[in-house]
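These notes are about the structure you will find just below.
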Amino acid sequence: MTDQNMPTALNLPMVDPLPRETQKYFDICVEKLGFVPNVLRAYAFDIDKLNAFTTTYNDLMLGDSGLSKLEREMIAVVVSAINKCFYCLVAHGAAVRQLSGDPQLGEMLVMNYRVAPLDPRQRALLDFAAKMTTSSAEIEEPDRQHLRDVGLTDRDIWDLANVTGFFNMSNRVASATAMAPNDEYHTQAR
């Protein structure tokens, strides 16, 4: 684990003082969440890197998409479970619990999404995300067609692939740097 004051095991302190726009963003996090997520604190040693991360994250997870916010969070949890990313499992597991109103669903996805009571669309999304995480080179047209058969558009498939790819990248960064989840996540929506 990391020092409580540092979000990762690396000695990369946040820019001090933070630029006005960054401080405003962090203040919004505190207002909405009650804290600044450690992933943001981790990237804040370099404001350009933080801005690149938050722009991509906000677009993929909060932007317009045929995938619901819950579905995107479910994808994040399944990918993070396969990759054993402690930070993302804790943070996005809390988001699944909150968005679904179902603490059991969050736990099932963390442990083994295949035991969760999912509708065919959700199952197809998560199966695709799992396959992309473990063996992306084996994805073929029948995999994409199965997604279409359960109602996804090609744009939805694009979004699914990008959310999955983003969390595969961020899981590896979080694990490699021993990024610590905020304590607050552990008790949210239980």
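Residue numbers start at 1 in each chain; chains themselves are named A, B, ... in the order of the structure tokens; ligands are numbered from 1 in the order shown.
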Shell around Met111 of chain A at 10 Å using only C-alpha atoms, local window under 2 positions removed, as an NGL selection string: :A and (77-78 or 81-82 or 89 or 105-109 or 113-116)
I need the chosen residues saved as a short mmCIF file (atom, residue, chain, number, x, y, z; two decimals), in the first residue's frame, with all heavy atoms.
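That gives us result04.cif:
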data_model
loop_
_atom_site.label_atom_id
_atom_site.label_comp_id
_atom_site.auth_asym_id
_atom_site.auth_seq_id
_atom_site.Cartn_x
_atom_site.Cartn_y
_atom_site.Cartn_z
N VAL A 77 -15.71 -2.46 -14.14
CA VAL A 77 -15.51 -3.43 -13.05
C VAL A 77 -15.07 -4.79 -13.60
O VAL A 77 -14.15 -5.41 -13.06
CB VAL A 77 -16.78 -3.56 -12.19
CG1 VAL A 77 -16.65 -4.72 -11.20
CG2 VAL A 77 -17.05 -2.26 -11.44
N VAL A 78 -15.70 -5.24 -14.67
CA VAL A 78 -15.33 -6.55 -15.21
C VAL A 78 -13.90 -6.54 -15.72
O VAL A 78 -13.12 -7.46 -15.44
CB VAL A 78 -16.34 -7.00 -16.29
CG1 VAL A 78 -15.82 -8.20 -17.09
CG2 VAL A 78 -17.68 -7.31 -15.63
N ALA A 81 -11.64 -6.51 -12.74
CA ALA A 81 -11.61 -7.79 -12.04
C ALA A 81 -10.63 -8.74 -12.74
O ALA A 81 -9.83 -9.41 -12.08
CB ALA A 81 -13.00 -8.39 -11.97
N ILE A 82 -10.70 -8.78 -14.05
CA ILE A 82 -9.79 -9.65 -14.81
C ILE A 82 -8.35 -9.21 -14.58
O ILE A 82 -7.46 -10.05 -14.39
CB ILE A 82 -10.15 -9.64 -16.30
CG1 ILE A 82 -11.50 -10.31 -16.52
CG2 ILE A 82 -9.05 -10.32 -17.14
CD1 ILE A 82 -12.10 -10.09 -17.90
N LEU A 89 -11.34 -1.59 -9.03
CA LEU A 89 -12.39 -2.43 -8.47
C LEU A 89 -13.12 -1.71 -7.34
O LEU A 89 -14.34 -1.74 -7.27
CB LEU A 89 -11.81 -3.75 -7.96
CG LEU A 89 -11.53 -4.78 -9.04
CD1 LEU A 89 -10.74 -5.95 -8.47
CD2 LEU A 89 -12.81 -5.26 -9.68
N LEU A 105 -25.08 -6.72 -6.84
CA LEU A 105 -24.60 -6.68 -8.22
C LEU A 105 -23.15 -6.22 -8.26
O LEU A 105 -22.32 -6.82 -8.94
CB LEU A 105 -25.47 -5.77 -9.09
CG LEU A 105 -24.99 -5.58 -10.53
CD1 LEU A 105 -24.97 -6.91 -11.29
CD2 LEU A 105 -25.83 -4.54 -11.24
N GLY A 106 -22.86 -5.17 -7.51
CA GLY A 106 -21.49 -4.69 -7.47
C GLY A 106 -20.51 -5.76 -7.02
O GLY A 106 -19.45 -5.95 -7.61
N GLU A 107 -20.89 -6.51 -5.99
CA GLU A 107 -20.01 -7.57 -5.48
C GLU A 107 -19.88 -8.71 -6.49
O GLU A 107 -18.79 -9.26 -6.67
CB GLU A 107 -20.55 -8.09 -4.15
CG GLU A 107 -20.55 -7.06 -3.04
CD GLU A 107 -19.18 -6.47 -2.75
OE1 GLU A 107 -18.18 -7.23 -2.69
OE2 GLU A 107 -19.10 -5.24 -2.61
N MET A 108 -20.99 -9.08 -7.12
CA MET A 108 -20.93 -10.16 -8.11
C MET A 108 -19.99 -9.80 -9.25
O MET A 108 -19.19 -10.63 -9.70
CB MET A 108 -22.32 -10.46 -8.66
CG MET A 108 -23.23 -11.15 -7.69
SD MET A 108 -24.84 -11.39 -8.49
CE MET A 108 -25.87 -11.58 -7.05
N LEU A 109 -20.09 -8.56 -9.73
CA LEU A 109 -19.23 -8.15 -10.85
C LEU A 109 -17.77 -8.15 -10.45
O LEU A 109 -16.90 -8.49 -11.25
CB LEU A 109 -19.64 -6.78 -11.37
CG LEU A 109 -21.03 -6.67 -12.00
CD1 LEU A 109 -21.28 -5.24 -12.46
CD2 LEU A 109 -21.23 -7.65 -13.13
N TYR A 113 -18.48 -11.87 -12.80
CA TYR A 113 -19.67 -11.31 -13.43
C TYR A 113 -20.62 -12.37 -13.96
O TYR A 113 -21.82 -12.13 -14.11
CB TYR A 113 -19.29 -10.31 -14.53
CG TYR A 113 -18.88 -10.94 -15.84
CD1 TYR A 113 -19.80 -11.15 -16.86
CD2 TYR A 113 -17.56 -11.33 -16.08
CE1 TYR A 113 -19.43 -11.71 -18.07
CE2 TYR A 113 -17.18 -11.89 -17.28
CZ TYR A 113 -18.12 -12.09 -18.28
OH TYR A 113 -17.76 -12.65 -19.46
N ARG A 114 -20.12 -13.56 -14.21
CA ARG A 114 -20.97 -14.62 -14.79
C ARG A 114 -22.04 -15.12 -13.83
O ARG A 114 -22.99 -15.76 -14.26
CB ARG A 114 -20.09 -15.77 -15.28
CG ARG A 114 -19.27 -15.38 -16.51
CD ARG A 114 -18.25 -16.44 -16.90
NE ARG A 114 -17.47 -16.03 -18.04
CZ ARG A 114 -16.34 -15.32 -17.97
NH1 ARG A 114 -15.86 -14.95 -16.80
NH2 ARG A 114 -15.69 -14.99 -19.06
N VAL A 115 -21.91 -14.83 -12.53
CA VAL A 115 -22.94 -15.25 -11.57
C VAL A 115 -24.03 -14.19 -11.41
O VAL A 115 -25.04 -14.43 -10.76
CB VAL A 115 -22.35 -15.60 -10.18
CG1 VAL A 115 -21.31 -16.72 -10.30
CG2 VAL A 115 -21.78 -14.38 -9.48
N ALA A 116 -23.83 -13.02 -11.98
CA ALA A 116 -24.79 -11.93 -11.83
C ALA A 116 -26.01 -12.15 -12.72
O ALA A 116 -25.89 -12.66 -13.84
CB ALA A 116 -24.12 -10.60 -12.19
#
Residues flagged alpha helix (DSSP H) by DSSP in chain A, as number ranges by chain: A: 20-33, 38-43, 47-62, 69-83, 86-100, 103-112, 120-135, 141-149, 154-176
Which residues of segment 28-96 of chain A come within 12 Å of segment 146-168 of chain A, and what is each one's closest atom pair and distance in Å (one decimal), counting only C-alpha atoms, sorted by chain and residue number, as a tab-separated table?
residue	atom	partner	partner_atom	distance
A:Phe53	CA	A:Phe166	CA	9.8
A:Thr54	CA	A:Phe166	CA	11.7
A:Thr56	CA	A:Phe166	CA	8.4
A:Tyr57	CA	A:Phe166	CA	8.0
A:Asn58	CA	A:Val163	CA	10.9
A:Asp59	CA	A:Val163	CA	9.8
A:Leu60	CA	A:Val163	CA	6.1
A:Met61	CA	A:Val163	CA	7.4
A:Leu62	CA	A:Val163	CA	11.0
A:Gly63	CA	A:Asp159	CA	10.2
A:Asp64	CA	A:Asp159	CA	9.8
A:Ser65	CA	A:Asp156	CA	6.9
A:Gly66	CA	A:Asp156	CA	5.5
A:Leu67	CA	A:Asp156	CA	6.4
A:Ser68	CA	A:Asp156	CA	10.1
A:Lys69	CA	A:Val163	CA	11.1
A:Glu71	CA	A:Leu160	CA	9.3
A:Arg72	CA	A:Val163	CA	6.9
A:Glu73	CA	A:Val163	CA	9.1
A:Met74	CA	A:Thr164	CA	10.3
A:Ile75	CA	A:Thr164	CA	6.6
A:Ala76	CA	A:Phe167	CA	6.0
A:Val77	CA	A:Phe167	CA	8.8
A:Val78	CA	A:Thr164	CA	9.1
A:Val79	CA	A:Phe167	CA	6.6
A:Ser80	CA	A:Phe167	CA	7.0
A:Ala81	CA	A:Asn168	CA	10.5
A:Ile82	CA	A:Asn168	CA	9.4
A:Asn83	CA	A:Asn168	CA	7.5
A:Lys84	CA	A:Asn168	CA	10.6
A:Cys85	CA	A:Asn168	CA	9.4
A:Tyr87	CA	A:Phe167	CA	11.3
A:Cys88	CA	A:Phe167	CA	8.4
A:Leu89	CA	A:Phe167	CA	10.7
A:His92	CA	A:Phe167	CA	10.5
One decimal place gives the atom CA of Lys32 of chain A-atom CA of Gln122 of chain A separation as 27.7 Å
Between atom CA of Arg172 of chain A and atom CA of Glu31 of chain A lies a distance of 28.9 Å
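The closest residue to Val90 of chain A, picked from A:Pro37, A:Leu125, A:Leu118, A:Thr8 and counting only C-alpha atoms, is A:Pro37.
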**Item:** Distance query Pro7 of chain A at most 9 Å, only C-alpha atoms, self and fewer than 3 positions along chain excluded, as a PyMOL selection string
**Value:** chain A and resi 2-4+10+37-42+177-182
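When atom CA of Ala94 of chain A is paired with atom CA of Phe35 of chain A, their separation reads 14.0 Å.
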Residue contacts of Phe45 of chain A (6 Å, only C-alpha atoms) excluding same-chain residues fewer than 4 positions away, as a ChimeraX atom specification:
/A:12-15
Selected residues written out, C-alpha atoms, as a short mmCIF file (atom, residue, chain, number, x, y, z; two decimals), in the first residue's frame:
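Output (part02.cif):
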data_model
loop_
_atom_site.label_atom_id
_atom_site.label_comp_id
_atom_site.auth_asym_id
_atom_site.auth_seq_id
_atom_site.Cartn_x
_atom_site.Cartn_y
_atom_site.Cartn_z
CA LEU A 12 5.34 12.69 -7.74
CA PRO A 13 3.75 15.49 -5.69
CA MET A 14 0.87 17.49 -7.11
CA VAL A 15 1.62 20.83 -8.70
#
Residue with smallest distance to Gln98 of chain A - pool A:Arg144, A:Thr22, A:Ser135, A:Thr187, counting only C-alpha atoms: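 Going through A:Arg144, A:Thr22, A:Ser135, A:Thr187 one by one, the smallest distance to Gln98 of chain A is for A:Thr187.
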Contacts of Leu18 of chain A within 12 Å, only C-alpha atoms, excl. fewer than 5 positions in-chain, as a ChimeraX atom specification | /A:13,23-27,41,43-48,50
Next, the residues of the selection above should be written as a short mmCIF file (atom, residue, chain, number, x, y, z; two decimals), in the first residue's frame with C-alpha atoms.
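File part06.cif, as written:
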data_model
loop_
_atom_site.label_atom_id
_atom_site.label_comp_id
_atom_site.auth_asym_id
_atom_site.auth_seq_id
_atom_site.Cartn_x
_atom_site.Cartn_y
_atom_site.Cartn_z
CA PRO A 13 3.75 15.49 -5.69
CA GLN A 23 -8.53 23.65 -8.54
CA LYS A 24 -12.06 24.38 -9.72
CA TYR A 25 -12.35 20.80 -11.06
CA PHE A 26 -11.08 19.40 -7.75
CA ASP A 27 -13.53 21.62 -5.85
CA ARG A 41 -4.36 13.46 -7.40
CA TYR A 43 -2.04 12.66 -12.36
CA ALA A 44 -1.84 16.17 -10.86
CA PHE A 45 1.97 16.17 -10.87
CA ASP A 46 1.65 17.13 -14.56
CA ILE A 47 -1.42 19.19 -15.47
CA ASP A 48 -1.21 18.29 -19.16
CA LEU A 50 -4.16 15.17 -15.85
#
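Between Gln188 of chain A and the residues A:Asp143, A:Asp102, A:Asp127, A:Glu138, the shortest atom-to-atom distance, using only C-alpha atoms, involves A:Asp102.
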